[in-house]
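The block underneath contains the structure these notes are about, expressed in structure tokens.
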There are 2 protein chains.
Amino acid sequence: MKLSQKAQLCTLSPMRKFTPYAMAAEAAGKKIYKLNIGQPDIETPPEFFDAVRGFSQKVLAYANSQGTEVMLDAVVNYYKRIGVEYTKEDILITTGGSEALQILFLCILDEGCEVIVPEPFYSNYNTFIRAAGGVIRPLSTCPEEDYNYANREKLEALINEKTRAIAIINPQNPTGNVLTEQELRLIADVAKAHDLYLVCDEVYREFVYDSDEVQCAGKFRDVDDNVVIIDSVSKRFSACGARIGMMISRNKALMAEALKFCQGRLCTTTLEQVGAAALYSVGPEYFAKVRDEYRRRRDLCYEKLTAIPGVVCAKPMGAFYVMAKLPIDDADKFMKWMLTDFEDHGETVMCSPAAGFYATPGKGLNEIRIAYVLKEKDLARALDLLAMGIERYNNR
Amino acid sequence: MKLSQKAQLCTLSPMRKFTPYAMAAEAAGKKIYKLNIGQPDIETPPEFFDAVRGFSQKVLAYANSQGTEVMLDAVVNYYKRIGVEYTKEDILITTGGSEALQILFLCILDEGCEVIVPEPFYSNYNTFIRAAGGVIRPLSTCPEEDYNYANREKLEALINEKTRAIAIINPQNPTGNVLTEQELRLIADVAKAHDLYLVCDEVYREFVYDSDEVQCAGKFRDVDDNVVIIDSVSKRFSACGARIGMMISRNKALMAEALKFCQGRLCTTTLEQVGAAALYSVGPEYFAKVRDEYRRRRDLCYEKLTAIPGVVCAKPMGAFYVMAKLPIDDADKFMKWMLTDFEDHGETVMCSPAAGFYATPGKGLNEIRIAYVLKEKDLARALDLLAMGIERYNNR
């Protein structure tokens, strides 16, 4: 039985591939601090559950393919509040930001087309782009330069006749890099000059710790046809399990193609849209509180990490991840060992080995991504376990 | 800005492309009987909503990429009850049957690969197969032969070196064809002999009106590597808006590839899986009642349709659709006209023009698909409106 080339070019998620080992460890009674996926322990605003419980229709019917009116209105109003004018026609509600990315790449990529992506990147971009027949052309960044990628020369050196898009995550997963307005403008200028789509994954928009600026590429009105915003309620409202995201663009030709794929899969869940729309009613005090909480976690995480001998990392400015180079031979082996062989008082820690966050072969082999999504006490313990683990692993 | 070839080869859904006209008609106060999409008016079992309202976790977290344990258990038990042995490892919970099909075709199709599909077919197959770079090779069927396609000679005539799969919907959308066990076995034999995947979309499994047999290709254990079952709670439990489906196969290599795409999009909605698992607790009396209701609708629909002068159709044996050839020039024009120009006492009817259900150019131009998803009184009125509409359209 034949399998497709594109499936074989994909890999299991570095965030999730050790799930079987984790389940076995948990079944054996081990407690695991999970810093491997971006699953915050912050409570989902009760507005979500209240709205869902209040749903009184007797038939759980399909929604519109574009998204429900109430949900679209909620998104339009949210963008208005951050100073960006979108209309309902610019928005398609999707099953998480993940589906928005899948649909977008299906619309713009043919076999062999390239997308420029700063590296390291959220590893599932590889799956989404491969699924559409495309390839990632990585723009390498490093902790020594704070993972900066807003560099016209470096970007333009990667553009060729196969290039269709520049895709950035801002604030960035996994590096925590946050673009200034000038940097975002520079990248938009490159996209405009070369007639490329500029895919801006802004799902961590509010998670910025050293500035009050909230960036959105949708405010640059001279690149309406280039810019596509990927957004989601998952991180903003700690509602990952709702799987409600969106693809936003003023490029009408692109949105017309995307609607075909939206109609093909019929719709996004009706009930989750009811809940997600209600989430947008929470006020700015919610974001401020969450941001303060994550800033403390970020500070704690960075402090603890840099205190481990031999660890190299850059202080993240946004999102809730930090990349760290560890003084070990192989992060895959190490992480598996942490689940199967290591424990301290019946506890261990799980992070994501980072090779899957790179497209360049051989990169990231001794790096991990840490999601600082646990409360400070748990985070401190988790990082102590990591420090202990590194020492014991190297002396085993 | 360049758009992909594959997006341009897709079309808007024939079921949904007239939504803007319908919305305008409704805004102007017109009542529309909607026979265009398979959205039943049957109430969703309250078990769904009770389970969802009972969800008490404070964080709406990601689920496992494969699906929640509770949901997987519910599916395994359901299959056990219908006499088919599957384990949890054979099942991936997806966002509707739609996502199951998308993931499956990504796993098995490369650019230019072919899938044999009996025609007319559920039109979104075109979108799913195009998205994966593939092409539909249609096996033409007709009402005069009750849309039968279980024909070894005809199937084998379509197989070439590019063929990767035979994809059938049983009971069939849009024709209502239902395979006997012998017919299903014949198709499985062809798939086995030619080393092809046999994709069996069995989302209408319980909707069979002239037999008590409930078919599932999963019971043929000699074709474990070939058979992939596509299933969903949408139709079975009138829970279309939940978007919970599944891909089921004992082919371990295939399931390993599919898991990559499942991990890529992280998971299916957590809360909907809670509700969907509860749906599987409804007893056989539920299916019997629903089936009786649809049988009456089928009979009414067929009787009313065949009473319209010039209409050609075959009595559907299952699912809840009927294809009808109308005495008109063009079903697209006619259906648009029914929304924009026609009314009787402020009411009209909406069906799906059927050209999009064919891959062969020029076929289905004067055909429509009717979903008999409304209660008898509404259905009778809707079909009277259709009859009136045909007459007035031809005399306009």
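Residue numbering restarts at 1 for every chain of the structure tokens, chains are lettered A, B, ... in their displayed order, and ligands are numbered from 1 as they appear.
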Worksheet item: Running DSSP on the backbone, which parts of segment 83-299 of chain B land in alpha helix (DSSP H), as a ChimeraX atom specification?
Response: /B:96-108,124-131,152-157,181-193,252-264,270-279,284-299
Worksheet item: Which residues, written as number ranges by chain, have at least one atom at most 7 Å from Ala258 of chain B, with only C-alpha atoms counted and residues fewer than 2 positions away on the same chain left out?
Response: B: 103-104, 107, 254-256, 260-262
Just the selected residues (C-alpha atoms), exported as a PDB file, in the first residue's frame, please.
```pdb
ATOM      1  CA  ILE B 103      -6.068  13.692   6.380  1.00  0.00           C
ATOM      2  CA  LEU B 104      -6.556  10.361   4.662  1.00  0.00           C
ATOM      3  CA  CYS B 107      -1.533  10.401   3.496  1.00  0.00           C
ATOM      4  CA  LEU B 254      -1.226   4.480   7.279  1.00  0.00           C
ATOM      5  CA  MET B 255      -2.342   5.364  10.789  1.00  0.00           C
ATOM      6  CA  ALA B 256       1.225   6.343  11.714  1.00  0.00           C
ATOM      7  CA  LYS B 260       1.511  13.239  11.995  1.00  0.00           C
ATOM      8  CA  PHE B 261      -1.253  15.396  10.534  1.00  0.00           C
ATOM      9  CA  CYS B 262      -3.368  14.926  13.676  1.00  0.00           C
TER      10      CYS B 262
END
```
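Going from atom CA of Glu183 of chain A to atom CA of Val84 of chain A covers 18.4 Å.
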Item to complete: Please run DSSP on the backbone and report, as a VMD selection string, all residues within segment 53-213 of chain B that come out as strand (DSSP E or B).
Response: chain B and resid 91 to 94 114 to 119 135 to 140 163 to 169 197 to 201 208
Discussion item. Would you pick out the contacts of Asp225 of chain B at 9 Å or less, using only C-alpha atoms, so that residues sharing its chain but fewer than 3 positions from it are not included, and give the list as a PyMOL selection string?
Written reply: (chain A and resi 1) or (chain B and resi 192+197+222+228+249-254)
Residues as selected, N, CA and C atoms, written as a CSV table (one decimal), in the first residue's frame, can you do that?
```
chain,number,residue,atom,x,y,z
A,1,MET,N,0.9,-1.2,0.0
A,1,MET,CA,0.0,0.0,0.0
A,1,MET,C,0.9,1.2,0.0
B,192,LYS,N,-8.4,-5.3,-3.1
B,192,LYS,CA,-7.4,-6.3,-2.6
B,192,LYS,C,-6.5,-6.7,-3.8
B,197,TYR,N,-6.3,1.2,-1.6
B,197,TYR,CA,-7.1,1.6,-0.4
B,197,TYR,C,-8.5,1.5,-0.8
B,222,ASP,N,-9.7,-9.9,5.8
B,222,ASP,CA,-8.6,-10.2,4.8
B,222,ASP,C,-8.1,-8.9,4.1
B,228,VAL,N,-10.3,1.7,4.9
B,228,VAL,CA,-10.3,2.8,5.8
B,228,VAL,C,-11.8,3.3,5.9
B,249,SER,N,-8.8,2.6,10.8
B,249,SER,CA,-8.1,1.6,9.9
B,249,SER,C,-7.2,0.7,10.7
B,250,ARG,N,-7.1,-0.6,10.3
B,250,ARG,CA,-6.1,-1.4,11.0
B,250,ARG,C,-4.7,-1.4,10.3
B,251,ASN,N,-4.6,-0.5,9.2
B,251,ASN,CA,-3.4,-0.4,8.5
B,251,ASN,C,-2.4,0.5,9.4
B,252,LYS,N,-1.5,-0.1,10.0
B,252,LYS,CA,-0.7,0.6,11.0
B,252,LYS,C,0.2,1.6,10.4
B,253,ALA,N,0.8,1.3,9.2
B,253,ALA,CA,1.6,2.3,8.5
B,253,ALA,C,0.8,3.5,8.1
B,254,LEU,N,-0.4,3.3,7.6
B,254,LEU,CA,-1.2,4.5,7.3
B,254,LEU,C,-1.6,5.3,8.5
```
